[in-house]
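Novice: File follows, work_28.cif with mmCIF, C-alpha atoms:
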```
data_upload
loop_
_atom_site.group_PDB
_atom_site.id
_atom_site.type_symbol
_atom_site.label_atom_id
_atom_site.label_comp_id
_atom_site.auth_asym_id
_atom_site.auth_seq_id
_atom_site.Cartn_x
_atom_site.Cartn_y
_atom_site.Cartn_z
ATOM 1 C CA MET A 1 -125.739 156.602 -59.200
ATOM 2 C CA LEU A 2 -122.342 155.297 -58.032
ATOM 3 C CA GLY A 3 -120.830 158.695 -58.873
ATOM 4 C CA ALA A 4 -123.419 160.512 -56.741
ATOM 5 C CA THR A 5 -122.689 158.251 -53.765
ATOM 6 C CA VAL A 6 -118.932 158.865 -54.006
ATOM 7 C CA GLY A 7 -119.567 162.626 -54.254
ATOM 8 C CA VAL A 8 -121.639 162.659 -51.087
ATOM 9 C CA GLY A 9 -118.962 160.719 -49.188
ATOM 10 C CA VAL A 10 -116.187 163.098 -50.266
ATOM 11 C CA ALA A 11 -118.288 166.096 -49.198
ATOM 12 C CA GLY A 12 -118.827 164.545 -45.757
ATOM 13 C CA VAL A 13 -115.106 163.973 -45.236
ATOM 14 C CA LEU A 14 -114.306 167.553 -46.252
ATOM 15 C CA ALA A 15 -116.936 168.933 -43.858
ATOM 16 C CA TYR A 16 -115.504 166.868 -40.999
ATOM 17 C CA LEU A 17 -111.967 168.146 -41.714
ATOM 18 C CA VAL A 18 -113.109 171.781 -41.817
ATOM 19 C CA MET A 19 -114.927 171.445 -38.491
ATOM 20 C CA GLY A 20 -111.813 169.953 -36.926
ATOM 21 C CA LEU A 21 -109.770 172.962 -37.993
ATOM 22 C CA VAL A 22 -112.140 175.542 -36.401
ATOM 23 C CA PRO A 23 -110.864 176.494 -32.848
ATOM 24 C CA ASP A 24 -113.085 175.534 -29.928
ATOM 25 C CA ARG A 25 -113.677 179.085 -28.611
ATOM 26 C CA GLN A 26 -115.973 177.956 -25.854
ATOM 27 C CA ALA A 27 -113.386 175.555 -24.415
ATOM 28 C CA ASP A 28 -110.681 178.228 -24.573
ATOM 29 C CA ALA A 29 -112.938 180.708 -22.762
ATOM 30 C CA VAL A 30 -113.609 178.243 -19.946
ATOM 31 C CA THR A 31 -109.894 177.511 -19.554
ATOM 32 C CA ALA A 32 -108.993 181.214 -19.410
ATOM 33 C CA ALA A 33 -111.678 181.967 -16.843
ATOM 34 C CA ALA A 34 -110.472 179.174 -14.553
ATOM 35 C CA THR A 35 -106.906 180.546 -14.336
ATOM 36 C CA PRO A 36 -106.669 183.471 -11.858
ATOM 37 C CA VAL A 37 -104.153 186.215 -12.470
ATOM 38 C CA ALA A 38 -101.965 186.759 -9.433
ATOM 39 C CA THR A 39 -101.077 190.351 -8.580
ATOM 40 C CA PRO A 40 -97.877 190.607 -6.520
ATOM 41 C CA ALA A 41 -98.113 192.663 -3.326
ATOM 42 C CA VAL A 42 -95.834 195.665 -3.230
ATOM 43 C CA ARG A 43 -94.450 197.035 0.049
ATOM 44 C CA SER A 44 -93.845 200.750 0.052
ATOM 45 C CA THR A 45 -91.094 202.255 2.145
ATOM 46 C CA THR A 46 -91.690 205.546 3.858
ATOM 47 C CA ALA A 47 -89.095 208.257 4.173
ATOM 48 C CA ALA A 48 -89.153 207.790 7.928
ATOM 49 C CA GLU A 49 -88.092 204.153 7.606
ATOM 50 C CA THR A 50 -84.930 205.192 5.841
ATOM 51 C CA GLY A 51 -84.093 208.058 8.175
ATOM 52 C CA THR A 52 -81.060 208.002 10.421
ATOM 53 C CA PRO A 53 -81.696 208.743 14.103
ATOM 54 C CA ASP A 54 -79.194 210.686 16.151
ATOM 55 C CA ALA A 55 -79.465 208.104 18.907
ATOM 56 C CA SER A 56 -80.355 204.433 18.637
ATOM 57 C CA ALA A 57 -80.150 201.119 20.427
ATOM 58 C CA SER A 58 -76.654 199.689 20.370
ATOM 59 C CA THR A 59 -75.581 196.131 19.744
ATOM 60 C CA ALA A 60 -75.233 193.911 22.780
ATOM 61 C CA SER A 61 -72.948 191.018 23.573
ATOM 62 C CA PRO A 62 -74.376 187.520 22.927
ATOM 63 C CA THR A 63 -75.184 186.981 26.632
ATOM 64 C CA GLY A 64 -76.566 190.356 27.597
ATOM 65 C CA THR A 65 -78.924 193.173 26.771
ATOM 66 C CA PRO A 66 -78.026 196.141 24.553
ATOM 67 C CA LYS A 67 -76.585 199.124 26.353
ATOM 68 C CA PRO A 68 -77.340 202.214 24.310
ATOM 69 C CA THR A 69 -74.432 204.422 23.390
ATOM 70 C CA ALA A 70 -76.621 207.496 23.655
ATOM 71 C CA SER A 71 -79.749 208.340 25.586
ATOM 72 C CA ALA A 72 -82.232 211.153 25.706
ATOM 73 C CA SER A 73 -81.848 213.416 28.712
ATOM 74 C CA THR A 74 -84.904 214.442 30.654
ATOM 75 C CA PRO A 75 -84.806 218.112 31.624
ATOM 76 C CA ALA A 76 -87.833 219.039 33.659
ATOM 77 C CA ALA A 77 -90.234 221.304 31.841
ATOM 78 C CA ARG A 78 -93.297 221.703 34.002
ATOM 79 C CA LYS A 79 -95.769 223.749 31.975
ATOM 80 C CA SER A 80 -99.041 221.880 31.713
ATOM 81 C CA ALA A 81 -100.441 221.266 28.268
ATOM 82 C CA LYS A 82 -103.978 222.065 27.211
ATOM 83 C CA VAL A 83 -105.727 218.723 27.123
ATOM 84 C CA THR A 84 -108.845 217.538 25.342
ATOM 85 C CA PRO A 85 -110.856 215.071 27.480
ATOM 86 C CA PRO A 86 -110.327 211.445 26.418
ATOM 87 C CA ALA A 87 -112.754 209.799 24.043
ATOM 88 C CA PRO A 88 -115.086 207.079 25.367
ATOM 89 C CA ARG A 89 -113.467 203.701 25.930
ATOM 90 C CA ARG A 90 -113.346 201.529 22.849
ATOM 91 C CA THR A 91 -113.224 197.814 22.332
ATOM 92 C CA ALA A 92 -109.927 195.961 22.267
ATOM 93 C CA ALA A 93 -107.624 196.735 19.368
ATOM 94 C CA THR A 94 -107.192 194.252 16.565
ATOM 95 C CA THR A 95 -104.174 191.999 16.299
ATOM 96 C CA SER A 96 -102.790 194.006 13.377
ATOM 97 C CA SER A 97 -102.693 197.221 15.404
ATOM 98 C CA ALA A 98 -101.822 195.731 18.768
ATOM 99 C CA GLY A 99 -98.928 193.586 17.548
ATOM 100 C CA ARG A 100 -97.758 190.218 18.826
ATOM 101 C CA ILE A 101 -98.381 190.822 22.536
ATOM 102 C CA GLN A 102 -102.107 190.734 23.318
ATOM 103 C CA PRO A 103 -104.048 191.642 26.475
ATOM 104 C CA GLY A 104 -105.420 188.729 28.463
ATOM 105 C CA THR A 105 -102.848 186.296 27.092
ATOM 106 C CA SER A 106 -100.185 184.426 29.060
ATOM 107 C CA TYR A 107 -96.783 183.780 27.489
ATOM 108 C CA LYS A 108 -94.156 181.189 28.402
ATOM 109 C CA GLY A 109 -90.423 181.754 28.334
ATOM 110 C CA VAL A 110 -87.325 182.093 30.442
ATOM 111 C CA ALA A 111 -85.988 184.945 32.526
ATOM 112 C CA THR A 112 -82.343 185.941 32.501
ATOM 113 C CA ALA A 113 -80.615 188.912 34.137
ATOM 114 C CA TYR A 114 -78.483 191.857 33.020
ATOM 115 C CA GLU A 115 -76.780 194.840 34.635
ATOM 116 C CA ALA A 116 -79.212 197.685 33.991
ATOM 117 C CA LYS A 117 -77.117 200.553 35.416
ATOM 118 C CA ASP A 118 -79.421 203.631 35.397
ATOM 119 C CA GLY A 119 -82.233 201.801 33.602
ATOM 120 C CA ASP A 120 -81.949 203.515 30.222
ATOM 121 C CA GLY A 121 -82.250 201.259 27.190
ATOM 122 C CA ALA A 122 -83.243 200.851 23.565
ATOM 123 C CA CYS A 123 -86.630 202.526 24.206
ATOM 124 C CA LEU A 124 -84.694 205.751 24.970
ATOM 125 C CA PHE A 125 -86.895 206.754 27.895
ATOM 126 C CA GLY A 126 -83.828 207.899 29.810
ATOM 127 C CA PRO A 127 -82.845 206.897 33.365
ATOM 128 C CA SER A 128 -85.565 204.902 35.115
ATOM 129 C CA PRO A 129 -86.998 206.048 38.470
ATOM 130 C CA ASP A 130 -86.626 202.445 39.658
ATOM 131 C CA LEU A 131 -84.934 199.331 38.377
ATOM 132 C CA MET A 132 -87.957 197.059 38.215
ATOM 133 C CA ILE A 133 -87.439 196.907 34.463
ATOM 134 C CA ALA A 134 -86.770 194.386 31.720
ATOM 135 C CA ALA A 135 -85.621 193.963 28.143
ATOM 136 C CA MET A 136 -87.991 192.239 25.730
ATOM 137 C CA ASN A 137 -86.696 189.722 23.209
ATOM 138 C CA THR A 138 -86.415 191.140 19.684
ATOM 139 C CA THR A 139 -89.338 189.094 18.318
ATOM 140 C CA ASP A 140 -91.821 190.343 20.912
ATOM 141 C CA TYR A 141 -90.178 193.790 21.083
ATOM 142 C CA GLU A 142 -91.480 194.151 17.539
ATOM 143 C CA THR A 143 -89.857 197.412 16.427
ATOM 144 C CA SER A 144 -90.440 199.106 19.824
ATOM 145 C CA ARG A 145 -94.151 198.183 20.128
ATOM 146 C CA ALA A 146 -93.393 196.690 23.559
ATOM 147 C CA CYS A 147 -91.727 199.860 24.893
ATOM 148 C CA GLY A 148 -93.302 201.076 28.107
ATOM 149 C CA ALA A 149 -95.490 197.994 28.574
ATOM 150 C CA TYR A 150 -95.959 196.705 32.117
ATOM 151 C CA VAL A 151 -95.553 192.946 32.427
ATOM 152 C CA LEU A 152 -96.422 190.658 35.332
ATOM 153 C CA VAL A 153 -93.775 187.927 35.563
ATOM 154 C CA ARG A 154 -94.507 184.698 37.458
ATOM 155 C CA ALA A 155 -91.932 182.062 38.372
ATOM 156 C CA ALA A 156 -92.627 178.393 39.036
ATOM 157 C CA ASN A 157 -91.669 178.898 42.693
ATOM 158 C CA GLY A 158 -94.755 181.088 43.188
ATOM 159 C CA ARG A 159 -92.954 184.440 43.252
ATOM 160 C CA SER A 160 -93.995 187.254 40.934
ATOM 161 C CA ILE A 161 -93.008 190.801 40.035
ATOM 162 C CA THR A 162 -94.235 193.550 37.707
ATOM 163 C CA VAL A 163 -91.626 195.142 35.432
ATOM 164 C CA ARG A 164 -91.682 197.859 32.774
ATOM 165 C CA ILE A 165 -90.164 197.196 29.334
ATOM 166 C CA THR A 166 -87.415 199.747 28.667
ATOM 167 C CA ASN A 167 -84.985 197.761 26.558
ATOM 168 C CA GLU A 168 -84.543 195.174 23.814
ATOM 169 C CA CYS A 169 -82.793 191.835 24.197
ATOM 170 C CA PRO A 170 -81.267 190.759 20.846
ATOM 171 C CA LEU A 171 -80.460 187.248 19.736
ATOM 172 C CA PRO A 172 -79.842 184.743 21.213
ATOM 173 C CA CYS A 173 -82.811 185.912 23.318
ATOM 174 C CA ALA A 174 -85.666 183.689 22.150
ATOM 175 C CA PRO A 175 -89.363 184.544 21.701
ATOM 176 C CA GLY A 176 -90.975 184.677 25.138
ATOM 177 C CA GLN A 177 -87.712 185.486 26.902
ATOM 178 C CA LEU A 178 -87.364 188.440 29.271
ATOM 179 C CA ASP A 179 -83.982 189.784 30.300
ATOM 180 C CA LEU A 180 -84.680 191.259 33.729
ATOM 181 C CA SER A 181 -82.547 193.777 35.547
ATOM 182 C CA GLN A 182 -80.519 192.031 38.224
ATOM 183 C CA GLN A 183 -82.616 193.800 40.854
ATOM 184 C CA ALA A 184 -85.839 192.464 39.337
ATOM 185 C CA PHE A 185 -84.495 188.926 38.818
ATOM 186 C CA ALA A 186 -83.417 188.808 42.474
ATOM 187 C CA LYS A 187 -87.072 189.225 43.474
ATOM 188 C CA LEU A 188 -87.806 185.901 41.801
ATOM 189 C CA ALA A 189 -84.711 183.813 42.478
ATOM 190 C CA ASP A 190 -81.041 183.906 43.337
ATOM 191 C CA LEU A 191 -78.964 185.442 40.532
ATOM 192 C CA ARG A 192 -76.805 182.301 40.492
ATOM 193 C CA VAL A 193 -79.766 180.397 38.990
ATOM 194 C CA GLY A 194 -79.001 182.115 35.685
ATOM 195 C CA ARG A 195 -82.122 181.030 33.773
ATOM 196 C CA LEU A 196 -85.575 180.731 35.242
ATOM 197 C CA ALA A 197 -88.753 179.305 33.673
ATOM 198 C CA ILE A 198 -91.509 181.931 33.735
ATOM 199 C CA THR A 199 -94.894 182.952 32.421
ATOM 200 C CA TRP A 200 -95.782 186.578 31.813
ATOM 201 C CA SER A 201 -98.662 188.763 30.695
ATOM 202 C CA LEU A 202 -99.558 192.428 30.168
ATOM 203 C CA VAL A 203 -100.950 194.361 33.115
ATOM 204 C CA SER A 204 -102.438 197.821 33.537
ATOM 205 C CA PRO A 205 -100.959 199.182 36.799
ATOM 206 C CA SER A 206 -103.014 201.240 39.230
ATOM 207 C CA SER A 207 -100.268 203.434 40.667
ATOM 208 C CA ILE A 208 -98.952 205.638 37.892
ATOM 209 C CA GLY A 209 -98.818 209.358 37.104
ATOM 210 C CA THR A 210 -99.689 211.131 33.881
ATOM 211 C CA ILE A 211 -98.306 210.848 30.363
ATOM 212 C CA SER A 212 -95.468 213.042 29.103
ATOM 213 C CA ILE A 213 -94.429 213.920 25.551
ATOM 214 C CA ARG A 214 -90.915 214.526 24.238
ATOM 215 C CA TYR A 215 -89.846 215.901 20.857
ATOM 216 C CA LYS A 216 -86.627 214.355 19.606
ATOM 217 C CA THR A 217 -83.347 216.190 19.387
ATOM 218 C CA GLY A 218 -83.271 218.088 16.078
ATOM 219 C CA SER A 219 -87.054 218.457 15.854
ATOM 220 C CA SER A 220 -88.468 221.586 14.239
ATOM 221 C CA ALA A 221 -91.420 222.714 12.156
ATOM 222 C CA TYR A 222 -89.850 220.866 9.193
ATOM 223 C CA TRP A 223 -89.026 217.493 10.790
ATOM 224 C CA CYS A 224 -89.890 216.012 14.146
ATOM 225 C CA GLY A 225 -89.874 212.855 16.203
ATOM 226 C CA ILE A 226 -92.413 212.445 19.001
ATOM 227 C CA GLN A 227 -92.144 210.084 21.964
ATOM 228 C CA VAL A 228 -94.785 209.079 24.521
ATOM 229 C CA ILE A 229 -93.506 208.505 28.069
ATOM 230 C CA ASP A 230 -95.054 207.011 31.234
ATOM 231 C CA HIS A 231 -98.133 205.541 29.562
ATOM 232 C CA ARG A 232 -100.124 203.001 31.580
ATOM 233 C CA ASN A 233 -100.880 200.749 28.599
ATOM 234 C CA PRO A 234 -98.828 199.987 25.466
ATOM 235 C CA VAL A 235 -99.162 202.681 22.785
ATOM 236 C CA THR A 236 -100.187 201.364 19.367
ATOM 237 C CA GLY A 237 -100.415 204.598 17.396
ATOM 238 C CA LEU A 238 -99.747 208.329 17.335
ATOM 239 C CA GLU A 239 -101.392 210.873 15.041
ATOM 240 C CA VAL A 240 -100.851 214.597 14.519
ATOM 241 C CA ARG A 241 -103.376 217.176 13.393
ATOM 242 C CA THR A 242 -102.723 218.576 9.919
ATOM 243 C CA GLY A 243 -104.675 220.876 7.616
ATOM 244 C CA SER A 244 -106.329 217.856 6.008
ATOM 245 C CA GLY A 245 -107.119 215.994 9.233
ATOM 246 C CA TRP A 246 -105.366 213.462 11.448
ATOM 247 C CA ARG A 247 -102.175 211.901 10.106
ATOM 248 C CA ARG A 248 -100.789 208.648 11.541
ATOM 249 C CA LEU A 249 -97.010 208.693 11.995
ATOM 250 C CA PRO A 250 -94.722 205.668 11.521
ATOM 251 C CA ARG A 251 -92.922 204.317 14.574
ATOM 252 C CA THR A 252 -89.176 203.716 14.614
ATOM 253 C CA SER A 253 -87.177 200.959 16.295
ATOM 254 C CA TYR A 254 -85.847 203.583 18.727
ATOM 255 C CA ASN A 255 -89.370 204.399 19.950
ATOM 256 C CA TYR A 256 -90.184 207.728 18.285
ATOM 257 C CA PHE A 257 -93.011 208.520 15.862
ATOM 258 C CA LEU A 258 -91.640 210.494 12.914
ATOM 259 C CA SER A 259 -93.034 213.244 10.709
ATOM 260 C CA ALA A 260 -90.353 213.285 8.020
ATOM 261 C CA ASP A 261 -91.797 216.316 6.188
ATOM 262 C CA GLY A 262 -92.781 218.293 9.292
ATOM 263 C CA ALA A 263 -96.534 217.925 8.814
ATOM 264 C CA GLY A 264 -98.259 218.246 12.188
ATOM 265 C CA CYS A 265 -95.110 219.108 14.153
ATOM 266 C CA GLY A 266 -96.226 221.310 17.049
ATOM 267 C CA SER A 267 -99.933 220.676 16.486
ATOM 268 C CA SER A 268 -102.375 218.532 18.481
ATOM 269 C CA ILE A 269 -101.338 214.944 19.163
ATOM 270 C CA ARG A 270 -103.663 211.944 19.431
ATOM 271 C CA ILE A 271 -102.385 208.692 20.931
ATOM 272 C CA THR A 272 -104.074 205.286 20.975
ATOM 273 C CA ASP A 273 -103.412 202.427 23.392
ATOM 274 C CA ILE A 274 -103.685 198.672 22.940
ATOM 275 C CA TYR A 275 -107.303 198.724 24.165
ATOM 276 C CA GLY A 276 -108.381 201.295 21.587
ATOM 277 C CA GLN A 277 -108.554 204.227 24.008
ATOM 278 C CA GLN A 278 -107.580 207.588 22.535
ATOM 279 C CA LEU A 279 -106.213 210.715 24.214
ATOM 280 C CA THR A 280 -105.824 214.085 22.485
ATOM 281 C CA ILE A 281 -103.169 216.530 23.697
ATOM 282 C CA SER A 282 -102.756 220.090 22.475
ATOM 283 C CA GLY A 283 -100.746 223.159 23.436
ATOM 284 C CA LEU A 284 -97.286 221.564 23.310
ATOM 285 C CA ALA A 285 -94.566 223.509 21.519
ATOM 286 C CA VAL A 286 -91.754 221.797 19.613
ATOM 287 C CA LYS A 287 -89.046 221.782 22.308
ATOM 288 C CA PRO A 288 -86.361 219.263 21.337
ATOM 289 C CA ASN A 289 -85.299 216.830 24.037
ATOM 290 C CA VAL A 290 -87.568 218.331 26.706
ATOM 291 C CA VAL A 291 -90.030 216.187 28.661
ATOM 292 C CA GLN A 292 -93.372 218.003 28.619
ATOM 293 C CA PRO A 293 -95.974 216.705 31.093
ATOM 294 C CA THR A 294 -99.670 216.463 30.332
ATOM 295 C CA GLN A 295 -102.699 215.973 32.540
ATOM 296 C CA VAL A 296 -103.974 212.748 30.971
ATOM 297 C CA GLN A 297 -103.513 209.020 31.371
ATOM 298 C CA PHE A 298 -105.107 205.916 29.838
ATOM 299 C CA ALA A 299 -107.762 204.193 31.936
ATOM 300 C CA ARG A 300 -106.846 201.007 33.765
ATOM 301 C CA HIS A 301 -107.792 197.605 32.337
#
```
With the file now loaded, output its structure as structure tokens.

Specialist:
Amino acid sequence: MLGATVGVGVAGVLAYLVMGLVPDRQADAVTAAATPVATPAVRSTTAAETGTPDASASTASPTGTPKPTASASTPAARKSAKVTPPAPRRTAATTSSAGRIQPGTSYKGVATAYEAKDGDGACLFGPSPDLMIAAMNTTDYETSRACGAYVLVRAANGRSITVRITNECPLPCAPGQLDLSQQAFAKLADLRVGRLAITWSLVSPSSIGTISIRYKTGSSAYWCGIQVIDHRNPVTGLEVRTGSGWRRLPRTSYNYFLSADGAGCGSSIRITDIYGQQLTISGLAVKPNVVQPTQVQFARH
């Protein structure tokens, strides 16, 4: 009887040891399920981003605004384009498409002044018809998104002025800062003030003509850059018609939308403003460095 008792005890110990050696699959499964697998985001680079323009914004001195070393000329080509009526007004664009500067928002900063000469700048619009213009700080310029925007600038002394963004103000220009032409700054305060506290916001001016389109120097059926000129509201996107539908083109820091492989060059163009409005323009030939007028303009907001 003593032998039987000892045998049972030994068997129990062996069973306990065997169970201890078996892996706890259920526990392992729970642990694995609780640990997410992170997938790194990959940023692709388009061919247009690595292209080299034949004209670009130049580097400025630490206290001023860049003065481009080359600018696009504006020969007058006055053949009207065939225009498709604009689509119905849409709701406001999202932050991702509109960029940093949003409609209906007031921004604080300082105003400084620079010698604008003929008004040409990093946006490469060419000489300005007036010098009520400004350079946007690099942060809010946001790779040329601010080009052509109209901004209402208010000073603490109660004076205000509306300027068009035609240039970029590099560092040390801070976010919120506007580098006004001397002529524009003088409307707010004496130039000897140097720096002036301001607030500013986007506006949609009432007195403005129609939009024009310019193909960049060197454009052809195999490569083209397209620029929108004299738009009432900031442009957030440009598409060209291809055999497979509309194709959105990337925007460069020198304010052209590029088709690096030529797709859509010379075809219909569709542009979108910050409010989501879209205009379709057709009938424009690829004429490098020629300003081609249209008969359309974005609605006022």

Novice: Determine the nearest neighbour of Gly262 (chain A) from the options A:Leu249, A:Ile161, A:Val193, A:Ala186, counting all atoms listed in the file.

Specialist: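 The answer is A:Leu249, which sits nearest to Gly262 (chain A).
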
Novice: Report the residues retrieved by the PyMOL selection byres ((chain A and resi 153-158) around 6) from the displayed file, expressed as a VMD selection string.

Specialist: chain A and resid 152 159 to 161 198 to 200

Novice: Just so the selection is clear, what residues does the PyMOL selection byres ((chain A and resi 215) around 9) cover here, as a PyMOL selection string?

Specialist: chain A and resi 213-214+216-220+224-227+256+285-292

Novice: Within 8 Å of region 127-132 of chain A, counting only C-alpha atoms, which residues show up once you throw out same-chain ones fewer than 2 positions away? Write them as a ChimeraX atom specification, please.

Specialist: /A:116,118-120,125,134,162-164,181,183-184

Novice: Just checking: using all atoms listed in the file, which residue out of A:Pro250, A:Gly245, A:Pro234, A:Pro170 ends up closest to Ser268 (chain A)?

Specialist: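 Ranked by minimum distance to Ser268 (chain A), first place goes to A:Gly245.
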
Novice: Exactly which residues make up the result of the PyMOL selection byres ((chain A and resi 208) around 9) on this file, given as a list in words?

Specialist: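 So the PyMOL selection byres ((chain A and resi 208) around 9), applied here, picks out Pro205, Ser206, Ser207, Gly209, Thr210, Asp230, His231, Arg232 and Gln297 of chain A.
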
Novice: Measuring atom to atom with all atoms listed in the file, identify which of A:Asp261, A:Asp190, A:Glu239, A:Asp140 is nearest to Gln177 (chain A).

Specialist: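 Nearest candidate to Gln177 (chain A) out of A:Asp261, A:Asp190, A:Glu239, A:Asp140: A:Asp140.
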
Novice: What gap, in Å, lies between CA of Asn167 (chain A) and CA of Tyr141 (chain A)?

Specialist: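 So the two atoms, CA of Asn167 (chain A) and CA of Tyr141 (chain A), lie 8.5 Å apart.
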
Novice: Smallest atom-to-atom distance to Gly99 (chain A): which of A:Ile274, A:Ile269, A:Leu284, A:Ala111, using only C-alpha atoms?

Specialist: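 That would be A:Ile274, the residue with the smallest distance to Gly99 (chain A).
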
Novice: Interatomic distance between CA of His301 (chain A) and CA of Leu202 (chain A)?

Specialist: 10.0 Å

Novice: Return the single residue from A:Gly276, A:Gly243, A:Gly109, A:Gly237 that is closest to Leu196 (chain A), with distances computed using only C-alpha atoms.

Specialist: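 Among A:Gly276, A:Gly243, A:Gly109, A:Gly237, it is A:Gly109 that comes nearest to Leu196 (chain A).
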
Novice: Go ahead and compute the interatomic distance for CA of Thr138 (chain A) and CA of Ala174 (chain A), in Å to one decimal.

Specialist: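 Those two atoms sit 7.9 Å apart.
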
Novice: Measuring between all atoms listed in the file, which one of A:Glu168, A:Thr280, A:Arg145, A:Ile229 shows the shortest distance to Ser212 (chain A)?

Specialist: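 Ranked by minimum distance to Ser212 (chain A), first place goes to A:Ile229.
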